[in-house]
$ cat start.cif   # mmCIF, C-alpha atoms
data_final
#
loop_
_atom_site.label_atom_id
_atom_site.label_comp_id
_atom_site.auth_asym_id
_atom_site.auth_seq_id
_atom_site.Cartn_x
_atom_site.Cartn_y
_atom_site.Cartn_z
CA MET A 262 61.76 49.39 -16.93
CA ALA A 263 63.94 52.43 -16.36
CA LYS A 264 66.34 51.12 -18.99
CA LEU A 265 63.55 50.70 -21.55
CA LEU A 266 62.22 54.19 -20.85
CA ALA A 267 65.70 55.57 -21.29
CA GLU A 268 66.07 53.74 -24.60
CA ARG A 269 62.72 55.04 -25.85
CA LEU A 270 63.62 58.60 -24.85
CA ALA A 271 67.00 58.25 -26.55
CA GLU A 272 65.27 57.10 -29.75
CA LYS A 273 62.97 60.13 -29.72
CA LEU A 274 65.86 62.53 -29.19
CA ALA A 275 68.18 60.82 -31.68
CA PRO A 276 68.65 62.33 -35.16
CA ARG A 277 66.11 61.21 -37.75
CA ASN A 278 66.05 60.79 -41.52
CA LEU A 279 69.70 59.80 -41.68
CA LEU A 280 69.58 57.73 -44.87
CA THR A 281 69.38 58.76 -48.50
CA ALA A 282 67.78 56.84 -51.36
CA THR A 283 71.20 56.41 -52.99
CA GLN A 284 72.65 54.90 -49.82
CA CYS A 285 69.71 52.51 -49.55
CA LYS A 286 70.52 51.18 -53.01
CA SER A 287 74.28 50.86 -52.52
CA TYR A 288 74.89 49.79 -48.92
CA PRO A 289 76.53 46.37 -48.47
CA ALA A 290 75.24 43.73 -46.06
CA GLY A 291 74.46 45.17 -42.65
CA ARG A 292 71.94 47.13 -40.59
CA TYR A 293 71.54 50.86 -41.11
CA ALA A 294 69.56 53.26 -38.91
CA ASP A 295 67.39 56.03 -40.28
CA GLY A 296 66.32 57.16 -36.81
CA GLY A 297 63.14 56.80 -34.82
CA GLY A 298 63.44 53.02 -34.80
CA LEU A 299 63.52 52.64 -38.58
CA TYR A 300 66.28 50.40 -39.96
CA LEU A 301 67.29 49.14 -43.37
CA TYR A 302 68.46 45.53 -43.27
CA VAL A 303 70.67 44.34 -46.14
CA SER A 304 71.24 40.58 -46.35
CA GLY A 305 74.37 38.86 -47.56
CA LYS A 306 72.63 38.23 -50.90
CA GLY A 307 71.72 41.88 -51.28
CA ALA A 308 68.03 41.68 -50.33
CA ARG A 309 66.91 44.90 -48.64
CA SER A 310 64.07 45.29 -46.16
CA TRP A 311 62.70 47.82 -43.70
CA VAL A 312 62.32 47.04 -40.00
CA TYR A 313 60.69 49.12 -37.28
CA ARG A 314 62.25 48.44 -33.86
CA TYR A 315 60.31 49.42 -30.76
CA SER A 316 59.64 48.45 -27.14
CA HIS A 317 56.21 47.55 -25.75
CA ILE A 318 55.43 46.45 -22.20
CA GLY A 319 59.10 45.84 -21.51
CA LYS A 320 59.76 43.81 -24.66
CA ARG A 321 61.94 44.79 -27.58
CA LYS A 322 60.28 43.94 -30.90
CA GLU A 323 61.09 44.19 -34.59
CA MET A 324 58.32 44.62 -37.15
CA GLY A 325 58.95 44.16 -40.85
CA LEU A 326 57.55 46.98 -42.97
CA GLY A 327 58.36 45.74 -46.46
CA SER A 328 61.17 45.35 -48.93
CA PHE A 329 63.18 48.08 -50.61
CA PRO A 330 62.67 49.48 -53.25
CA ALA A 331 59.05 48.24 -53.37
CA LEU A 332 58.65 50.32 -50.19
CA THR A 333 60.52 53.55 -50.79
CA LEU A 334 62.50 55.44 -48.18
CA ALA A 335 59.76 58.09 -47.98
CA ALA A 336 57.04 55.45 -47.59
CA ALA A 337 59.06 53.61 -44.92
CA ARG A 338 59.38 56.85 -42.96
CA ALA A 339 55.64 57.44 -43.27
CA ALA A 340 55.04 53.92 -41.92
CA ARG A 341 57.44 54.55 -39.03
CA ASN A 342 55.59 57.75 -38.13
CA GLN A 343 52.26 55.93 -38.23
CA TRP A 344 53.41 53.13 -35.93
CA GLU A 345 55.02 55.61 -33.55
CA GLN A 346 51.60 57.14 -33.04
CA VAL A 347 50.11 53.71 -32.41
CA LEU A 348 52.85 52.95 -29.90
CA ALA A 349 52.34 56.30 -28.17
CA SER A 350 48.67 55.40 -27.64
CA GLY A 351 49.77 52.36 -25.66
CA LYS A 352 49.01 49.76 -28.33
CA ASP A 353 51.36 47.17 -29.80
CA PRO A 354 52.02 48.06 -33.47
CA MET A 355 52.53 44.44 -34.51
CA LYS A 356 49.21 43.32 -33.06
CA GLU A 357 47.45 46.32 -34.57
CA ARG A 358 48.92 45.58 -37.98
CA ASP A 359 48.05 41.89 -38.10
CA HIS A 360 44.86 41.36 -40.00
CA VAL A 361 43.25 37.93 -40.27
CA VAL A 362 40.51 37.11 -42.76
CA VAL A 363 38.41 33.98 -42.29
CA GLY A 364 39.42 31.48 -44.93
CA GLY A 365 42.54 33.41 -45.88
CA ASN A 366 45.95 34.31 -44.55
CA VAL A 367 46.04 38.07 -44.98
CA THR A 368 48.69 39.98 -43.05
CA GLY A 369 50.30 43.28 -43.82
CA ASP A 370 47.34 45.23 -45.15
CA THR A 371 48.88 48.59 -45.98
CA LEU A 372 49.03 49.90 -49.52
CA ALA A 373 52.81 49.48 -49.46
CA ASP A 374 52.36 45.82 -48.45
CA MET A 375 49.85 45.19 -51.22
CA THR A 376 52.02 46.95 -53.80
CA ALA A 377 54.97 44.74 -52.90
CA ALA A 378 52.77 41.61 -52.96
CA PHE A 379 51.26 42.50 -56.34
CA PHE A 380 54.64 43.24 -57.85
CA LYS A 381 56.15 39.99 -56.58
CA ILE A 382 53.40 37.94 -58.21
CA HIS A 383 53.14 39.81 -61.51
CA LYS A 384 56.65 41.10 -62.19
CA ARG A 385 57.42 38.13 -64.47
CA THR A 386 54.81 39.41 -66.90
CA LEU A 387 56.17 42.96 -66.89
CA ARG A 388 58.79 44.26 -69.29
CA ASP A 389 62.25 43.60 -67.82
CA GLU A 390 60.33 42.09 -64.89
CA GLY A 391 59.79 45.68 -63.76
CA LYS A 392 63.52 46.16 -63.20
CA ALA A 393 65.04 49.55 -62.50
CA GLY A 394 61.72 50.60 -60.97
CA ARG A 395 60.07 51.27 -64.32
CA TRP A 396 56.71 49.81 -63.36
CA LEU A 397 56.83 50.83 -59.71
CA SER A 398 58.27 54.30 -60.25
CA PRO A 399 54.95 56.21 -60.57
CA LEU A 400 53.67 54.59 -57.38
CA HIS A 401 56.96 55.17 -55.54
CA THR A 402 57.11 58.79 -56.57
CA LEU A 403 53.51 59.95 -56.42
CA VAL A 404 51.43 57.59 -54.27
CA LEU A 405 53.30 55.58 -51.65
CA PRO A 406 54.96 58.52 -49.86
CA LYS A 407 51.47 59.70 -48.84
CA LEU A 408 49.30 56.58 -48.89
CA GLY A 409 51.83 53.76 -48.43
CA ALA A 410 51.23 53.39 -44.69
CA MET A 411 47.42 53.45 -44.98
CA LYS A 412 45.36 50.28 -44.79
CA VAL A 413 43.99 49.44 -48.22
CA THR A 414 40.53 49.15 -46.66
CA ASP A 415 40.70 52.80 -45.58
CA ILE A 416 41.66 54.30 -48.94
CA THR A 417 38.90 56.32 -50.60
CA GLN A 418 38.61 58.31 -53.79
CA HIS A 419 39.16 61.46 -51.75
CA ASP A 420 42.54 60.16 -50.50
CA ILE A 421 43.58 59.38 -54.06
CA GLU A 422 42.35 62.76 -55.32
CA ALA A 423 44.27 64.59 -52.57
CA THR A 424 47.41 62.62 -53.43
CA LEU A 425 47.38 62.93 -57.22
CA GLY A 426 45.55 66.25 -57.51
CA PRO A 427 48.67 68.44 -57.07
CA VAL A 428 50.46 66.67 -59.96
CA TRP A 429 47.52 65.69 -62.17
CA GLN A 430 48.08 68.58 -64.58
CA ALA A 431 51.83 69.04 -64.14
CA LYS A 432 52.75 65.36 -64.60
CA PRO A 433 49.95 63.90 -66.73
CA ASN A 434 51.75 60.78 -67.95
CA ALA A 435 53.19 59.75 -64.59
CA SER A 436 49.98 60.49 -62.67
CA LYS A 437 47.87 58.54 -65.16
CA LYS A 438 50.18 55.53 -64.82
CA ALA A 439 50.12 55.87 -61.03
CA LEU A 440 46.32 55.80 -60.97
CA THR A 441 46.11 52.81 -63.32
CA ARG A 442 48.64 50.82 -61.31
CA LEU A 443 47.01 51.79 -58.03
CA ARG A 444 43.76 50.32 -59.35
CA LEU A 445 45.55 47.04 -60.13
CA VAL A 446 47.02 46.91 -56.62
CA LEU A 447 43.63 47.55 -55.02
CA THR A 448 42.07 44.82 -57.17
CA HIS A 449 44.80 42.46 -55.97
CA ALA A 450 44.02 43.41 -52.37
CA ALA A 451 40.35 42.64 -52.94
CA ALA A 452 41.27 39.24 -54.36
CA LYS A 453 43.30 38.58 -51.20
CA GLY A 454 40.20 39.13 -49.09
CA HIS A 455 40.46 42.79 -48.11
CA ALA A 456 37.25 44.80 -48.13
CA VAL A 457 38.61 47.55 -50.37
CA ASP A 458 36.59 50.05 -52.38
CA LEU A 459 37.15 48.84 -55.93
CA ASN A 460 35.51 51.99 -57.28
CA ALA A 461 37.91 54.32 -55.47
CA ALA A 462 40.33 54.74 -58.40
CA LEU A 463 37.50 55.20 -60.92
CA LEU A 464 35.74 57.77 -58.74
CA ALA A 465 39.04 59.55 -58.09
CA LYS A 466 39.55 59.90 -61.84
CA ALA A 467 36.11 61.50 -62.10
CA LEU A 468 37.06 63.95 -59.36
CA LEU A 469 40.42 64.74 -60.93
CA GLY A 470 38.94 65.47 -64.35
CA ASP A 471 40.83 65.69 -67.62
CA HIS A 472 44.57 66.18 -67.69
CA GLY A 473 44.27 69.04 -70.12
CA HIS A 474 47.15 67.38 -71.91
CA THR A 475 47.23 66.46 -75.58
CA PRO A 476 49.65 63.58 -76.25
CA LYS A 477 52.25 64.37 -78.87
CA ASN A 478 53.02 61.86 -81.58
CA ILE A 479 56.62 60.81 -81.98
CA PRO A 480 58.07 62.75 -84.94
CA ALA A 481 58.27 60.58 -88.04
CA MET A 482 60.22 61.00 -91.25
CA ALA A 483 58.25 61.42 -94.46
CA TRP A 484 58.47 58.21 -96.49
CA ARG A 485 59.81 60.12 -99.49
CA ASP A 486 62.86 61.15 -97.40
CA ALA A 487 63.53 57.67 -96.00
CA PRO A 488 65.70 56.26 -98.86
CA ALA A 489 68.20 59.13 -98.72
CA PHE A 490 68.53 58.78 -94.96
CA TYR A 491 68.85 55.00 -95.09
CA GLN A 492 71.58 55.22 -97.72
CA SER A 493 73.44 57.76 -95.54
CA LEU A 494 73.89 55.12 -92.81
CA THR A 495 77.22 53.84 -94.13
CA SER A 496 78.91 53.37 -90.75
CA LEU A 497 79.32 49.82 -89.44
CA THR A 498 78.83 50.78 -85.80
CA ALA A 499 76.32 48.81 -83.75
CA THR A 500 74.08 51.88 -83.55
CA ALA A 501 74.00 52.52 -87.32
CA LEU A 502 73.38 48.85 -88.10
CA ALA A 503 70.63 48.69 -85.49
CA LEU A 504 68.93 51.70 -87.01
CA ARG A 505 69.13 50.13 -90.46
CA LEU A 506 67.49 46.92 -89.22
CA LEU A 507 64.84 48.96 -87.42
CA MET A 508 63.95 50.77 -90.65
CA LEU A 509 63.92 47.60 -92.73
CA THR A 510 61.68 45.63 -90.35
CA ALA A 511 59.57 48.48 -88.90
CA ALA A 512 60.14 46.85 -85.50
CA ARG A 513 60.13 48.66 -82.17
CA SER A 514 63.51 49.84 -80.92
CA ARG A 515 63.56 47.63 -77.84
CA PRO A 516 63.45 44.25 -79.64
CA ILE A 517 66.10 45.62 -82.02
CA ARG A 518 68.43 46.66 -79.19
CA TYR A 519 68.04 43.35 -77.35
CA ALA A 520 68.18 41.18 -80.47
CA HIS A 521 70.17 38.00 -79.87
CA VAL A 522 72.09 36.11 -82.54
CA ASP A 523 70.17 32.96 -81.64
CA HIS A 524 66.88 34.66 -82.51
CA PHE A 525 67.76 34.69 -86.21
CA ASP A 526 67.34 31.83 -88.67
CA LEU A 527 69.35 33.13 -91.61
CA ASP A 528 68.53 30.15 -93.83
CA ALA A 529 64.80 30.74 -93.43
CA ALA A 530 65.28 34.54 -93.34
CA ILE A 531 63.24 34.75 -90.12
CA TRP A 532 63.83 36.74 -86.93
CA THR A 533 61.80 35.47 -83.96
CA ILE A 534 61.13 38.17 -81.37
CA PRO A 535 60.37 36.57 -77.99
CA GLY A 536 57.05 37.31 -76.36
CA GLU A 537 58.65 37.62 -72.93
CA GLY A 538 61.93 38.83 -71.51
CA GLU A 539 64.11 41.87 -72.10
CA GLY A 540 63.65 41.90 -75.87
CA ALA A 541 59.92 41.22 -75.89
CA ARG A 542 58.07 42.72 -78.81
CA GLN A 543 55.31 44.40 -76.81
CA LYS A 544 55.24 47.17 -74.25
CA GLY A 545 55.12 45.98 -70.65
CA ARG A 546 51.70 44.62 -69.73
CA LEU A 547 50.07 41.93 -67.66
CA GLY A 548 49.59 38.67 -69.48
CA ARG A 549 51.80 36.62 -71.75
CA VAL A 550 52.50 37.74 -75.32
CA ALA A 551 53.31 35.15 -77.99
CA ASP A 552 56.57 35.07 -79.93
CA PHE A 553 56.46 37.01 -83.20
CA ARG A 554 58.15 36.01 -86.46
CA VAL A 555 59.62 38.78 -88.59
CA PRO A 556 60.46 38.06 -92.25
CA LEU A 557 63.83 39.41 -93.36
CA SER A 558 64.57 40.90 -96.77
CA SER A 559 67.93 40.27 -98.43
CA GLU A 560 69.05 43.73 -97.28
CA ALA A 561 68.02 42.93 -93.70
CA LEU A 562 69.97 39.64 -93.85
CA LYS A 563 73.01 41.61 -94.99
CA VAL A 564 72.68 43.93 -91.98
CA VAL A 565 72.28 41.03 -89.56
CA ARG A 566 75.40 39.32 -90.93
CA LEU A 567 77.42 42.53 -90.61
CA ALA A 568 76.23 43.00 -87.04
CA ALA A 569 76.89 39.36 -86.14
CA GLU A 570 80.58 39.84 -86.97
CA GLN A 571 80.92 42.21 -84.01
CA SER A 572 78.38 40.63 -81.65
CA GLN A 573 79.33 40.07 -78.02
CA ASP A 574 77.95 37.50 -75.60
CA GLY A 575 75.35 36.62 -78.23
CA LEU A 576 74.02 40.19 -78.38
CA LEU A 577 73.66 41.46 -81.94
CA PHE A 578 74.07 45.12 -80.97
CA PRO A 579 76.33 45.28 -77.89
CA GLY A 580 77.01 48.52 -76.04
CA LYS A 581 80.47 50.04 -75.73
CA SER A 582 80.90 49.07 -72.08
CA ARG A 583 78.45 46.24 -71.35
CA GLY A 584 74.98 45.07 -72.23
CA VAL A 585 73.23 46.45 -75.31
CA ILE A 586 73.28 49.85 -76.95
CA SER A 587 71.34 52.44 -74.94
CA ASP A 588 67.79 53.46 -75.79
CA MET A 589 69.11 56.91 -76.74
CA SER A 590 71.93 55.84 -79.06
CA MET A 591 69.83 55.68 -82.24
CA THR A 592 68.03 58.89 -81.27
CA LYS A 593 71.39 60.64 -80.83
CA LEU A 594 72.54 59.46 -84.25
CA MET A 595 69.50 61.12 -85.80
CA ARG A 596 69.89 64.27 -83.71
CA ASP A 597 73.52 64.55 -84.81
CA LYS A 598 72.20 64.71 -88.37
CA ASN A 599 69.94 67.61 -87.33
CA LEU A 600 66.79 65.54 -87.81
CA VAL A 601 63.56 66.08 -85.90
CA ALA A 602 62.31 62.56 -86.63
CA ARG A 603 62.97 59.79 -84.11
CA PRO A 604 63.68 56.05 -84.54
CA HIS A 605 60.25 54.91 -83.36
CA GLY A 606 58.72 57.18 -85.99
CA PHE A 607 59.92 54.85 -88.76
CA ARG A 608 57.01 52.56 -87.91
CA SER A 609 54.71 55.40 -88.96
CA THR A 610 56.93 56.08 -91.98
CA PHE A 611 56.48 52.48 -93.14
CA ARG A 612 52.73 52.59 -92.48
CA ASP A 613 52.28 55.75 -94.51
CA TRP A 614 54.34 54.32 -97.36
CA ALA A 615 52.30 51.10 -97.32
CA ALA A 616 49.04 53.08 -97.49
CA ASP A 617 50.23 55.42 -100.24
CA SER A 618 51.84 52.70 -102.35
CA GLY A 619 48.42 51.13 -102.88
CA ASN A 620 49.70 47.56 -103.18
CA ILE A 621 50.00 46.56 -99.51
CA GLU A 622 46.81 45.31 -97.86
CA GLU A 623 45.92 47.06 -94.61
CA ASN A 624 45.84 43.90 -92.49
CA VAL A 625 49.26 42.92 -93.83
CA ALA A 626 50.77 46.33 -93.05
CA GLU A 627 49.27 46.27 -89.55
CA THR A 628 50.63 42.78 -88.92
CA VAL A 629 54.10 43.91 -90.03
CA LEU A 630 53.87 46.40 -87.16
CA SER A 631 52.74 43.54 -84.86
CA HIS A 632 49.44 45.30 -84.25
CA ALA A 633 46.38 43.26 -83.37
CA VAL A 634 44.06 43.05 -86.38
CA GLY A 635 40.33 42.37 -86.09
CA SER A 636 38.23 41.49 -83.07
CA ALA A 637 39.35 39.16 -80.30
CA VAL A 638 37.04 36.47 -81.68
CA ALA A 639 38.45 36.84 -85.20
CA ARG A 640 42.01 36.63 -83.87
CA ALA A 641 41.14 33.51 -81.87
CA TYR A 642 40.05 31.72 -85.05
CA ARG A 643 42.86 33.01 -87.25
CA ARG A 644 45.80 30.58 -87.29
CA THR A 645 48.10 32.38 -89.74
CA ASP A 646 50.55 35.17 -89.06
CA LEU A 647 50.59 36.17 -92.76
CA ILE A 648 54.33 35.52 -92.88
CA GLU A 649 54.57 35.17 -96.67
CA GLU A 650 52.39 38.21 -97.33
CA ARG A 651 54.50 40.20 -94.89
CA ARG A 652 57.66 38.96 -96.55
CA LYS A 653 56.50 40.43 -99.86
CA ALA A 654 55.68 43.71 -98.11
CA VAL A 655 59.09 44.11 -96.42
CA ASP A 656 60.84 43.07 -99.64
CA LYS A 657 59.10 45.94 -101.45
CA TRP A 658 59.91 48.32 -98.58
CA SER A 659 63.55 47.24 -98.56
CA TYR A 660 63.86 47.74 -102.32
CA TYR A 661 62.33 51.19 -101.96
CA LEU A 662 64.86 52.17 -99.26
CA ILE A 663 67.93 51.01 -101.18
CA SER A 664 66.85 52.06 -104.68
CA ALA A 665 68.69 54.91 -106.32
CA GLU A 666 65.50 56.78 -107.15
CA ASN A 667 62.85 57.87 -104.69
CA ARG A 668 60.01 56.03 -106.35
CA LEU A 669 57.17 53.62 -105.57
#

$ encode --input "start.cif" --output "structure tokens"
Amino acid sequence: MAKLLAERLAEKLAPRNLLTATQCKSYPAGRYADGGGLYLYVSGKGARSWVYRYSHIGKRKEMGLGSFPALTLAAARAARNQWEQVLASGKDPMKERDHVVVGGNVTGDTLADMTAAFFKIHKRTLRDEGKAGRWLSPLHTLVLPKLGAMKVTDITQHDIEATLGPVWQAKPNASKKALTRLRLVLTHAAAKGHAVDLNAALLAKALLGDHGHTPKNIPAMAWRDAPAFYQSLTSLTATALALRLLMLTAARSRPIRYAHVDHFDLDAAIWTIPGEGEGARQKGRLGRVADFRVPLSSEALKVVRLAAEQSQDGLLFPGKSRGVISDMSMTKLMRDKNLVARPHGFRSTFRDWAADSGNIEENVAETVLSHAVGSAVARAYRRTDLIEERRKAVDKWSYYLISAENRL
């Protein structure tokens, strides 16, 4: 007993908050102390998890808190502090944490636990499978450090308001994403059998009010200026060729950057953008998105063939070191030409041209942009992707871009 008391006293007096987020990401296999009984365990395969070590009634115990980075360093420390208080009251943290629901197998009922569980189940449907923390980042940064150690059943709209209120105006985009994703996590917790308040996120939004933020559209080039710019892209670098294909197809930059040689059928003049994976055509969202066929003009085929000559590992537009060109490479090319317009803006450029030209039907132009057209019922009954109509549209657009005169 004396030994255990000495160990507990030593833990309280030992330095705390020893780790950094960078170290947590880079440490090799091993066990690393943050102080106060909190440890980061790194397996031989690189999996990282948090463990809270403590002694209760003469027994040394280890309680898993969650995986890193789903549970951030700040959230893990908050959890440690919470369980220290439970331990100080004479209770066993592991027994207090365990939560059993009749007819279910619910354990680990903190918001951090539910976030990790939700992400594990749904990450396949997220863009890049949520890699690099893109999907989790708003929760990691704005929510979990304060609410991560709370039971999901205890979270109210007032907790959410107090957490997001300080950044609601200053960080409108991140805070809006955090609230939306928090709602999804709470819905998941309810489905698992937890008696959560499903209205908490909605009521918190009512308390928080408007952001007072007007979204800014991405700067787009006027369609009358597009031919001169396109014809200025004479370089054969991966970035210049990618930007040319982006203009010709009016596709989003991500599918362009991750385009794979195998996605192109040059005989049929078709590029198939996958509905899932790194080069998926849509923004990250829950639910599967179907593959999307893009018709290629003769100019687009020329660009694809030029790019294929310098492809690497099947990637049509490889980066200088590894992987694909960065998401800023095409933007930098335009900035270097002292342009305000951005690559994504060429989708708007095409749409304006299609409307002003007067010979492209609206539903065809919208489908070129891979926008949903019509009601959900109408789309369910429609079996065509208007591929031939879209081919005529991109052929006209291509001719306009490469023609000597700026004319319709």

$ resolve_selection --input "start.cif" --expression "the PyMOL selection byres ((chain A and resi 417) around 10)" --output "list in words"
Val413, Thr414, Asp415, Ile416, Gln418, His419, Asp420, Ile421, Glu422, Val457, Asp458, Leu459, Asn460, Ala461, Ala462, Leu464 and Ala465 of chain A

$ atom_distance --input "start.cif" --atom1 "CA of Trp429 in chain A" --atom2 "CA of Leu408 in chain A"
16.2 Å

$ atom_distance --input "start.cif" --atom1 "CA of Asp486 in chain A" --atom2 "CA of Thr610 in chain A"
9.5 Å

$ closest_atom_pairs --input "start.cif" --of "range 539-626 of chain A" --to "range 653-660 of chain A" --cutoff "7 Å" --atoms "only C-alpha atoms" --output "JSON lines"
{"residue": "A:Ser558", "atom": "CA", "partner": "A:Asp656", "partner_atom": "CA", "distance": 5.2}
{"residue": "A:Glu560", "atom": "CA", "partner": "A:Ser659", "partner_atom": "CA", "distance": 6.6}
{"residue": "A:Ile621", "atom": "CA", "partner": "A:Ala654", "partner_atom": "CA", "distance": 6.5}

$ resolve_selection --input "start.cif" --expression "the PyMOL selection byres ((chain A and resi 296) around 6)" --output "VMD selection string"
chain A and resid 276 to 278 294 to 295 297 to 299

$ resolve_selection --input "start.cif" --expression "the PyMOL selection byres ((chain A and resi 290) around 7)" --output "list in words"
Tyr288, Pro289, Gly291, Val303, Ser304, Gly305 and Gly307 of chain A

$ atom_distance --input "start.cif" --atom1 "CA of Gly584 in chain A" --atom2 "CA of Ile531 in chain A"
23.8 Å

$ residues_around --input "start.cif" --residues "Arg612 in chain A" --least-positions-apart "3" --cutoff "8 Å" --atoms "all atoms listed in the file" --output "tab-separated table (two decimals) with C-alpha atoms, keeping the file's coordinate frame"
chain	number	residue	atom	x	y	z
A	608	ARG	CA	57.01	52.56	-87.91
A	609	SER	CA	54.71	55.40	-88.96
A	615	ALA	CA	52.30	51.10	-97.32
A	616	ALA	CA	49.04	53.08	-97.49
A	626	ALA	CA	50.77	46.33	-93.05
A	627	GLU	CA	49.27	46.27	-89.55

$ residues_around --input "start.cif" --residues "Ala336 in chain A" --least-positions-apart "3" --cutoff "8 Å" --atoms "all atoms listed in the file" --output "number ranges by chain"
A: 332-333, 339-340, 373, 401, 405-410

$ residues_around --input "start.cif" --residues "Ala511 in chain A" --least-positions-apart "3" --cutoff "7 Å" --atoms "only C-alpha atoms" --output "PDB file with C-alpha atoms, keeping the file's coordinate frame"
ATOM      1  CA  LEU A 507      64.840  48.960 -87.420  1.00  0.00           C
ATOM      2  CA  MET A 508      63.950  50.770 -90.650  1.00  0.00           C
ATOM      3  CA  PHE A 607      59.920  54.850 -88.760  1.00  0.00           C
ATOM      4  CA  ARG A 608      57.010  52.560 -87.910  1.00  0.00           C
ATOM      5  CA  PHE A 611      56.480  52.480 -93.140  1.00  0.00           C
ATOM      6  CA  LEU A 630      53.870  46.400 -87.160  1.00  0.00           C
TER       7      LEU A 630
END

$ residues_around --input "start.cif" --residues "Leu562 in chain A" --least-positions-apart "2" --cutoff "10 Å" --atoms "only C-alpha atoms" --output "list in words"
Leu506, Phe525, Asp526, Leu527, Asp528, Ala530, Ile531, Trp532, Pro556, Leu557, Ser558, Ser559, Glu560, Val564, Val565, Arg566, Leu567 and Ala568 of chain A

$ closest_residue --input "start.cif" --among "A:Lys453, A:Lys384, A:Arg314, A:Lys432" --to "Ala331 in chain A" --atoms "only C-alpha atoms"
A:Lys384
